[in-house]
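One file, my_file_16.txt, carrying compact mmCIF, C-alpha atoms:
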```
# COMPACT_ATOMS: atom_id res chain seq x y z
CA MET X 1 -26.19 -6.39 5.97
CA GLU X 2 -27.91 -6.17 9.39
CA SER X 3 -26.22 -6.52 12.73
CA ALA X 4 -27.32 -6.19 16.36
CA GLN X 5 -23.76 -5.32 17.41
CA LYS X 6 -23.26 -1.59 17.86
CA THR X 7 -20.89 0.35 15.61
CA ALA X 8 -18.86 3.43 16.51
CA VAL X 9 -17.31 5.74 13.92
CA ILE X 10 -14.22 7.65 15.08
CA VAL X 11 -13.28 10.51 12.77
CA GLY X 12 -9.66 11.52 13.28
CA ALA X 13 -8.62 8.09 14.58
CA SER X 14 -5.02 8.12 13.37
CA ALA X 15 -3.47 9.46 16.60
CA GLY X 16 -4.01 10.80 20.10
CA ILE X 17 -7.48 10.81 21.62
CA GLY X 18 -9.04 9.42 18.44
CA TRP X 19 -6.68 6.43 18.43
CA GLU X 20 -7.25 5.63 22.10
CA LEU X 21 -10.98 6.28 21.86
CA ALA X 22 -11.26 3.79 19.01
CA LYS X 23 -9.47 1.22 21.16
CA ARG X 24 -11.80 1.97 24.07
CA TYR X 25 -14.92 1.42 21.95
CA HIS X 26 -13.44 -1.81 20.63
CA GLN X 27 -12.69 -3.02 24.16
CA GLU X 28 -16.29 -2.25 25.12
CA GLY X 29 -17.57 -4.59 22.43
CA TYR X 30 -18.33 -2.17 19.61
CA ARG X 31 -17.34 -2.67 16.03
CA VAL X 32 -15.27 0.32 15.03
CA ALA X 33 -14.88 2.30 11.81
CA LEU X 34 -11.63 4.27 11.75
CA LEU X 35 -11.57 7.43 9.63
CA ALA X 36 -8.70 9.84 8.92
CA ARG X 37 -6.38 10.90 6.12
CA ARG X 38 -3.44 8.74 7.22
CA LEU X 39 -4.71 5.37 6.02
CA ASP X 40 -1.50 3.51 6.92
CA ARG X 41 -2.00 4.28 10.60
CA LEU X 42 -5.66 3.32 10.49
CA GLU X 43 -4.88 0.00 8.81
CA GLN X 44 -2.31 -0.78 11.50
CA LEU X 45 -4.91 -0.28 14.25
CA ALA X 46 -7.65 -2.10 12.34
CA THR X 47 -5.33 -5.10 11.84
CA GLU X 48 -4.70 -5.29 15.59
CA MET X 49 -8.43 -5.10 16.32
CA ASN X 50 -9.37 -7.71 13.74
CA SER X 51 -6.69 -10.06 15.02
CA ALA X 52 -8.33 -9.94 18.44
CA LYS X 53 -11.93 -9.94 17.14
CA PRO X 54 -12.40 -10.88 13.46
CA ASN X 55 -14.38 -8.41 11.33
CA SER X 56 -14.65 -5.92 14.18
CA ALA X 57 -12.90 -2.94 12.58
CA CYS X 58 -12.43 -1.26 9.23
CA ALA X 59 -10.09 1.54 8.11
CA ILE X 60 -11.35 4.15 5.66
CA ARG X 61 -9.46 7.13 4.30
CA ALA X 62 -11.60 10.26 4.66
CA ASP X 63 -10.96 13.98 4.90
CA VAL X 64 -13.36 16.17 6.88
CA THR X 65 -12.82 18.98 4.36
CA ASP X 66 -14.15 16.68 1.61
CA ARG X 67 -17.85 15.96 2.11
CA VAL X 68 -17.87 13.43 -0.73
CA SER X 69 -15.33 11.28 1.12
CA LEU X 70 -17.46 11.38 4.29
CA ASP X 71 -20.63 10.38 2.43
CA ALA X 72 -18.74 7.53 0.77
CA ALA X 73 -17.37 6.43 4.15
CA CYS X 74 -20.87 6.35 5.65
CA ALA X 75 -22.15 4.21 2.79
CA GLU X 76 -19.20 1.81 3.12
CA ILE X 77 -19.66 1.46 6.88
CA LEU X 78 -23.38 0.71 6.52
CA LYS X 79 -22.59 -1.87 3.85
CA LYS X 80 -19.94 -3.59 5.99
CA MET X 81 -21.44 -3.22 9.45
CA GLY X 82 -25.14 -2.64 8.91
CA ARG X 83 -25.64 0.20 11.38
CA ILE X 84 -24.05 3.28 12.96
CA ASP X 85 -24.73 4.01 16.64
CA THR X 86 -22.06 6.55 17.61
CA VAL X 87 -20.06 9.09 15.63
CA VAL X 88 -17.26 11.11 17.20
CA ALA X 89 -16.10 14.18 15.25
CA ASN X 90 -12.57 14.39 16.60
CA ALA X 91 -10.45 15.57 13.66
CA GLY X 92 -8.88 19.00 14.07
CA PHE X 93 -5.69 21.05 14.26
CA GLY X 94 -4.58 24.44 15.57
CA VAL X 95 -3.47 27.56 13.69
CA SER X 96 -1.32 29.77 15.91
CA GLY X 97 0.01 33.30 15.55
CA ARG X 98 -0.89 36.90 16.32
CA VAL X 99 -3.87 38.26 14.40
CA ASP X 100 -1.70 40.84 12.61
CA GLN X 101 0.65 38.07 11.48
CA LEU X 102 -2.07 35.76 10.09
CA THR X 103 -4.22 36.11 6.99
CA THR X 104 -7.86 35.51 6.22
CA ALA X 105 -6.73 32.33 4.47
CA ASP X 106 -5.32 31.03 7.77
CA TYR X 107 -8.67 31.53 9.47
CA ARG X 108 -10.57 29.91 6.60
CA ARG X 109 -8.27 26.89 6.69
CA GLN X 110 -8.83 26.62 10.44
CA PHE X 111 -12.61 26.78 10.10
CA ASP X 112 -12.70 24.39 7.14
CA THR X 113 -11.40 21.59 9.35
CA ASN X 114 -12.48 22.47 12.88
CA VAL X 115 -15.96 23.85 12.19
CA PHE X 116 -17.21 22.93 8.73
CA GLY X 117 -15.52 19.54 9.10
CA VAL X 118 -17.67 18.87 12.17
CA LEU X 119 -20.77 20.06 10.32
CA ASP X 120 -20.08 17.78 7.37
CA CYS X 121 -19.54 14.84 9.72
CA PHE X 122 -22.96 15.59 11.15
CA TYR X 123 -24.59 15.89 7.72
CA ALA X 124 -22.93 12.72 6.45
CA PHE X 125 -23.95 10.51 9.39
CA ILE X 126 -27.10 12.02 10.92
CA THR X 127 -29.56 9.91 8.92
CA ALA X 128 -27.88 6.68 10.04
CA LEU X 129 -27.72 7.93 13.64
CA GLN X 130 -31.43 8.75 13.70
CA VAL X 131 -32.27 5.19 12.69
CA GLN X 132 -30.54 3.89 15.84
CA GLY X 133 -31.33 6.81 18.18
CA GLY X 134 -27.58 7.25 18.36
CA ARG X 135 -24.94 9.54 19.79
CA PHE X 136 -22.93 12.33 18.17
CA GLY X 137 -19.77 13.39 19.98
CA ILE X 138 -17.92 16.63 19.19
CA VAL X 139 -14.38 17.20 20.44
CA GLY X 140 -14.04 20.85 21.37
CA SER X 141 -11.51 22.24 23.81
CA VAL X 142 -11.10 24.30 26.96
CA ASN X 143 -10.47 26.96 24.29
CA SER X 144 -14.19 26.66 23.56
CA TYR X 145 -14.44 28.92 26.63
CA VAL X 146 -11.03 30.55 27.07
CA ALA X 147 -9.45 32.66 24.31
CA LEU X 148 -5.69 33.16 24.38
CA PRO X 149 -3.31 35.52 22.58
CA THR X 150 -1.71 33.96 19.48
CA ALA X 151 -4.49 31.35 19.35
CA SER X 152 -7.36 33.46 17.98
CA ALA X 153 -8.03 31.26 14.93
CA TYR X 154 -8.14 28.07 16.96
CA CYS X 155 -10.17 29.61 19.78
CA MET X 156 -12.68 31.11 17.34
CA SER X 157 -13.18 27.69 15.79
CA LYS X 158 -13.74 26.03 19.16
CA PHE X 159 -16.11 28.76 20.37
CA SER X 160 -18.08 28.07 17.18
CA VAL X 161 -18.08 24.34 17.83
CA ARG X 162 -19.50 24.94 21.31
CA ALA X 163 -22.31 27.05 19.87
CA LEU X 164 -23.01 24.33 17.32
CA ALA X 165 -23.10 21.63 20.00
CA GLU X 166 -25.53 23.64 22.14
CA ALA X 167 -27.89 24.23 19.22
CA LEU X 168 -27.68 20.63 18.03
CA HIS X 169 -28.41 19.35 21.53
CA TRP X 170 -31.88 20.90 21.44
CA GLU X 171 -32.55 20.20 17.76
CA MET X 172 -31.64 16.52 18.00
CA LYS X 173 -33.28 15.81 21.37
CA PRO X 174 -36.75 15.19 19.83
CA LYS X 175 -35.08 12.81 17.34
CA ASN X 176 -33.50 10.79 20.17
CA VAL X 177 -29.96 11.59 19.02
CA SER X 178 -27.75 12.88 21.82
CA VAL X 179 -25.03 15.49 21.25
CA THR X 180 -22.05 15.59 23.61
CA LEU X 181 -19.38 18.29 23.60
CA ILE X 182 -15.98 17.18 24.90
CA CYS X 183 -13.73 20.02 26.13
CA PRO X 184 -10.25 18.73 27.05
CA GLY X 185 -7.33 20.65 28.46
CA PHE X 186 -3.77 19.46 27.87
CA VAL X 187 -3.73 15.81 26.80
CA ARG X 188 -0.75 13.91 25.43
CA SER X 189 -1.27 14.22 21.66
CA GLU X 190 0.34 15.17 18.36
CA ILE X 191 -1.73 18.34 18.04
CA ARG X 192 1.08 20.64 19.10
CA GLN X 193 3.33 19.06 16.48
CA VAL X 194 0.99 20.08 13.66
CA ASP X 195 1.83 23.32 11.87
CA ASN X 196 -0.47 26.06 10.59
CA GLN X 197 -0.95 24.17 7.33
CA GLY X 198 -2.23 21.10 9.16
CA THR X 199 0.98 19.17 8.49
CA TYR X 200 2.40 16.87 11.17
CA LYS X 201 6.02 17.61 12.12
CA SER X 202 7.50 14.71 14.05
CA ALA X 203 10.57 16.73 15.07
CA ALA X 204 8.56 19.58 16.58
CA LYS X 205 9.22 20.05 20.29
CA GLU X 206 6.35 19.51 22.74
CA PRO X 207 5.93 22.88 24.52
CA VAL X 208 3.70 21.59 27.33
CA PRO X 209 5.38 20.10 30.45
CA ALA X 210 4.73 16.38 30.79
CA TRP X 211 3.40 16.75 34.34
CA LEU X 212 0.58 18.99 33.08
CA MET X 213 -0.73 16.56 30.45
CA MET X 214 -3.38 13.89 30.97
CA GLU X 215 -2.55 10.50 29.52
CA THR X 216 -4.46 9.82 26.31
CA ASP X 217 -6.05 6.57 27.45
CA VAL X 218 -7.49 8.33 30.51
CA ALA X 219 -8.92 11.07 28.29
CA ALA X 220 -10.40 8.44 25.98
CA ARG X 221 -12.05 6.62 28.87
CA LYS X 222 -13.66 9.84 30.13
CA THR X 223 -14.77 10.73 26.61
CA PHE X 224 -16.32 7.30 26.04
CA ARG X 225 -18.30 7.46 29.27
CA ALA X 226 -19.59 10.98 28.58
CA ILE X 227 -20.76 10.20 25.04
CA GLU X 228 -22.32 6.84 25.81
CA SER X 229 -24.13 8.18 28.90
CA ARG X 230 -25.49 10.99 26.70
CA ARG X 231 -23.98 13.78 28.76
CA ARG X 232 -24.44 17.22 27.26
CA GLU X 233 -20.84 18.32 27.98
CA LEU X 234 -17.66 17.17 29.66
CA VAL X 235 -14.74 19.43 30.61
CA PHE X 236 -11.44 17.90 31.71
CA THR X 237 -8.52 17.96 32.85
CA GLY X 238 -8.25 19.46 36.35
CA HIS X 239 -6.56 22.60 35.02
CA GLY X 240 -9.14 22.72 32.23
CA LYS X 241 -12.02 22.71 34.71
CA ILE X 242 -10.36 25.47 36.71
CA ALA X 243 -9.79 27.60 33.60
CA VAL X 244 -13.41 27.27 32.48
CA TRP X 245 -14.71 28.04 35.98
CA ILE X 246 -12.57 31.18 36.18
CA GLU X 247 -13.69 32.33 32.74
CA ARG X 248 -17.33 31.85 33.69
CA HIS X 249 -17.26 33.42 37.16
CA CYS X 250 -14.28 35.73 37.58
CA PRO X 251 -12.51 36.26 34.23
CA TRP X 252 -10.56 39.24 35.61
CA ILE X 253 -8.20 36.69 37.23
CA PHE X 254 -6.86 35.89 33.75
CA ALA X 255 -5.94 39.53 33.02
CA PRO X 256 -2.32 39.54 34.28
CA VAL X 257 -1.61 36.15 32.66
CA LEU X 258 -3.11 37.14 29.31
CA LYS X 259 -1.32 40.47 29.39
CA LYS X 260 2.00 38.68 29.81
CA LEU X 261 1.20 36.20 27.03
CA GLY X 262 0.27 39.00 24.65
CA VAL X 263 3.34 41.19 25.16
CA SER X 264 5.86 39.50 22.88
CA SER X 265 5.31 39.39 19.13
CA ARG X 266 7.52 36.29 19.14
CA SER X 267 5.24 34.42 21.51
CA LYS X 268 4.83 30.75 20.61
CA THR X 269 1.93 30.14 22.97
CA ARG X 270 -0.20 27.22 21.84
CA SER X 271 -3.78 26.50 22.77
CA TRP X 272 -5.30 24.34 25.50
CA ASN X 273 -6.42 22.02 22.74
CA ALA X 274 -6.28 18.27 22.96
CA ALA X 275 -8.00 17.14 19.79
CA ASP X 276 -6.27 15.08 17.13
CA PRO X 277 -4.94 16.21 13.78
CA SER X 278 -6.97 15.06 10.79
CA ALA X 279 -3.82 14.23 8.84
```

Hey, can you dump this file as structure tokens for me?
Amino acid sequence: MESAQKTAVIVGASAGIGWELAKRYHQEGYRVALLARRLDRLEQLATEMNSAKPNSACAIRADVTDRVSLDAACAEILKKMGRIDTVVANAGFGVSGRVDQLTTADYRRQFDTNVFGVLDCFYAFITALQVQGGRFGIVGSVNSYVALPTASAYCMSKFSVRALAEALHWEMKPKNVSVTLICPGFVRSEIRQVDNQGTYKSAAKEPVPAWLMMETDVAARKTFRAIESRRRELVFTGHGKIAVWIERHCPWIFAPVLKKLGVSSRSKTRSWNAADPSA
């Protein structure tokens, strides 16, 4: 099946930025493929989209830790929609805890989703993207630059994602595929309600003050513009930009804050992350 209408694939579309980003692409006239593990949520959103614009969305269950499911999803999307122009690797979660309280298994589980999951999204979709001279978006975090106590596993994964994005930018440039790294600060999302096993806990309390969080639709709009204009990187929110600037130019300013955060072994500090859980 061939189609001139562009198609966007949002991986991790079941909540948060992924959910709103899918809606943004749909509003902009793209057909949208929704991927995540929670198929019921995806089907709900796809039904809404198809009611407004028939045959404009499809929901596919896929797990970024399962390459076979990603390859199958790519094949299904090409069969249904004919082309893939944009892929956004948004699925992720955060493992928290002091290093001496975590295990190697915790770090492996973190990297399986946040790093190798991004890589497998790239491997699964890159051939289709090259055909269209497309765009590959990677959702990192302000923690791609700033490491915090009790968030070592998450920060390590996001530092790795930043390195991957920088390397891919240069490798894909001759192939006319752009790579955009998105580094959000605090955005209204379910990420901080996901435990160290990657399981969503609806009753978990949101630790971040509401006034500090960017609304998800605003984050999605910024993300859409950055990816589709082929920007190399976008850092937001306001506090996120400040944190990255300080880390780059005068990291000593963080010392008293980090010292305070690292004092208590009971610290529940969560990351600056704003990506969406892959559940």

Within 9 Å of range 57-64 of chain X using only C-alpha atoms, minus same-chain residues under 3 positions, as a VMD selection string: chain X and resid 11 to 12 26 30 to 47 49 to 50 53 to 54 67 to 70 72 to 73 76 to 77 80 91 to 92 112 to 114 116 to 118 120 to 121 278 to 279

Would you output that residue set with C-alpha atoms, as a PDB file, in the coordinates of the input?
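Saved file selection-v2.pdb follows:
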```
ATOM      1  CA  VAL X  11     -13.280  10.510  12.770  1.00  0.00           C
ATOM      2  CA  GLY X  12      -9.660  11.520  13.280  1.00  0.00           C
ATOM      3  CA  HIS X  26     -13.440  -1.810  20.630  1.00  0.00           C
ATOM      4  CA  TYR X  30     -18.330  -2.170  19.610  1.00  0.00           C
ATOM      5  CA  ARG X  31     -17.340  -2.670  16.030  1.00  0.00           C
ATOM      6  CA  VAL X  32     -15.270   0.320  15.030  1.00  0.00           C
ATOM      7  CA  ALA X  33     -14.880   2.300  11.810  1.00  0.00           C
ATOM      8  CA  LEU X  34     -11.630   4.270  11.750  1.00  0.00           C
ATOM      9  CA  LEU X  35     -11.570   7.430   9.630  1.00  0.00           C
ATOM     10  CA  ALA X  36      -8.700   9.840   8.920  1.00  0.00           C
ATOM     11  CA  ARG X  37      -6.380  10.900   6.120  1.00  0.00           C
ATOM     12  CA  ARG X  38      -3.440   8.740   7.220  1.00  0.00           C
ATOM     13  CA  LEU X  39      -4.710   5.370   6.020  1.00  0.00           C
ATOM     14  CA  ASP X  40      -1.500   3.510   6.920  1.00  0.00           C
ATOM     15  CA  ARG X  41      -2.000   4.280  10.600  1.00  0.00           C
ATOM     16  CA  LEU X  42      -5.660   3.320  10.490  1.00  0.00           C
ATOM     17  CA  GLU X  43      -4.880   0.000   8.810  1.00  0.00           C
ATOM     18  CA  GLN X  44      -2.310  -0.780  11.500  1.00  0.00           C
ATOM     19  CA  LEU X  45      -4.910  -0.280  14.250  1.00  0.00           C
ATOM     20  CA  ALA X  46      -7.650  -2.100  12.340  1.00  0.00           C
ATOM     21  CA  THR X  47      -5.330  -5.100  11.840  1.00  0.00           C
ATOM     22  CA  MET X  49      -8.430  -5.100  16.320  1.00  0.00           C
ATOM     23  CA  ASN X  50      -9.370  -7.710  13.740  1.00  0.00           C
ATOM     24  CA  LYS X  53     -11.930  -9.940  17.140  1.00  0.00           C
ATOM     25  CA  PRO X  54     -12.400 -10.880  13.460  1.00  0.00           C
ATOM     26  CA  ARG X  67     -17.850  15.960   2.110  1.00  0.00           C
ATOM     27  CA  VAL X  68     -17.870  13.430  -0.730  1.00  0.00           C
ATOM     28  CA  SER X  69     -15.330  11.280   1.120  1.00  0.00           C
ATOM     29  CA  LEU X  70     -17.460  11.380   4.290  1.00  0.00           C
ATOM     30  CA  ALA X  72     -18.740   7.530   0.770  1.00  0.00           C
ATOM     31  CA  ALA X  73     -17.370   6.430   4.150  1.00  0.00           C
ATOM     32  CA  GLU X  76     -19.200   1.810   3.120  1.00  0.00           C
ATOM     33  CA  ILE X  77     -19.660   1.460   6.880  1.00  0.00           C
ATOM     34  CA  LYS X  80     -19.940  -3.590   5.990  1.00  0.00           C
ATOM     35  CA  ALA X  91     -10.450  15.570  13.660  1.00  0.00           C
ATOM     36  CA  GLY X  92      -8.880  19.000  14.070  1.00  0.00           C
ATOM     37  CA  ASP X 112     -12.700  24.390   7.140  1.00  0.00           C
ATOM     38  CA  THR X 113     -11.400  21.590   9.350  1.00  0.00           C
ATOM     39  CA  ASN X 114     -12.480  22.470  12.880  1.00  0.00           C
ATOM     40  CA  PHE X 116     -17.210  22.930   8.730  1.00  0.00           C
ATOM     41  CA  GLY X 117     -15.520  19.540   9.100  1.00  0.00           C
ATOM     42  CA  VAL X 118     -17.670  18.870  12.170  1.00  0.00           C
ATOM     43  CA  ASP X 120     -20.080  17.780   7.370  1.00  0.00           C
ATOM     44  CA  CYS X 121     -19.540  14.840   9.720  1.00  0.00           C
ATOM     45  CA  SER X 278      -6.970  15.060  10.790  1.00  0.00           C
ATOM     46  CA  ALA X 279      -3.820  14.230   8.840  1.00  0.00           C
TER      47      ALA X 279
END
```

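In terms of minimum interatomic distance to Val142 in chain X, X:Ile246 ranks closest within X:Val88, X:Ile246, X:Ile253, X:Ala13, counting only C-alpha atoms.
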
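The spacing separating CA of Gly185 in chain X from CA of Val218 in chain X amounts to 12.5 Å.
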
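A straight line drawn from CA of Val9 in chain X to CA of Lys173 in chain X is 20.3 Å long.
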
Got a sec: who's within 6 Å of Pro184 in chain X, counting all atoms listed in the file, leaving out chain neighbours fewer than 3 positions off, as a PDB file with C-alpha atoms, in the coordinates of the input?
```pdb
ATOM      1  CA  SER X 141     -11.510  22.240  23.810  1.00  0.00           C
ATOM      2  CA  VAL X 142     -11.100  24.300  26.960  1.00  0.00           C
ATOM      3  CA  VAL X 235     -14.740  19.430  30.610  1.00  0.00           C
ATOM      4  CA  PHE X 236     -11.440  17.900  31.710  1.00  0.00           C
ATOM      5  CA  ALA X 274      -6.280  18.270  22.960  1.00  0.00           C
TER       6      ALA X 274
END
```

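Atom pair CA of Ile242 in chain X / CA of Ser144 in chain X: separated by 13.7 Å.
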
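Among the candidates X:Asp85, X:Asp106, X:Glu247, X:Glu20, the residue lying nearest to Tyr145 in chain X is X:Glu247 (atoms considered: all atoms listed in the file).
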
Write out as an MDAnalysis selection string which residues come within 12 Å of Gly238 in chain X when counting only C-alpha atoms, dropping same-chain ones fewer than 3 positions away. chainID X and resid 142 183:187 212:214 219 234:235 241:245

Restricting it to C-alpha atoms, dump the selection as a JSON list (two decimals), keeping the file's coordinate frame.
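The result, written out as result-v7.json:
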```json
[["chain", "number", "residue", "atom", "x", "y", "z"],
["X", 142, "VAL", "CA", -11.10, 24.30, 26.96],
["X", 183, "CYS", "CA", -13.73, 20.02, 26.13],
["X", 184, "PRO", "CA", -10.25, 18.73, 27.05],
["X", 185, "GLY", "CA", -7.33, 20.65, 28.46],
["X", 186, "PHE", "CA", -3.77, 19.46, 27.87],
["X", 187, "VAL", "CA", -3.73, 15.81, 26.80],
["X", 212, "LEU", "CA", 0.58, 18.99, 33.08],
["X", 213, "MET", "CA", -0.73, 16.56, 30.45],
["X", 214, "MET", "CA", -3.38, 13.89, 30.97],
["X", 219, "ALA", "CA", -8.92, 11.07, 28.29],
["X", 234, "LEU", "CA", -17.66, 17.17, 29.66],
["X", 235, "VAL", "CA", -14.74, 19.43, 30.61],
["X", 241, "LYS", "CA", -12.02, 22.71, 34.71],
["X", 242, "ILE", "CA", -10.36, 25.47, 36.71],
["X", 243, "ALA", "CA", -9.79, 27.60, 33.60],
["X", 244, "VAL", "CA", -13.41, 27.27, 32.48],
["X", 245, "TRP", "CA", -14.71, 28.04, 35.98]]
```

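For the residues X:Thr127, X:Val177, X:Gln110, X:Gly134, ranking by smallest atom-to-atom distance to Ser160 in chain X using only C-alpha atoms places X:Gln110 first.
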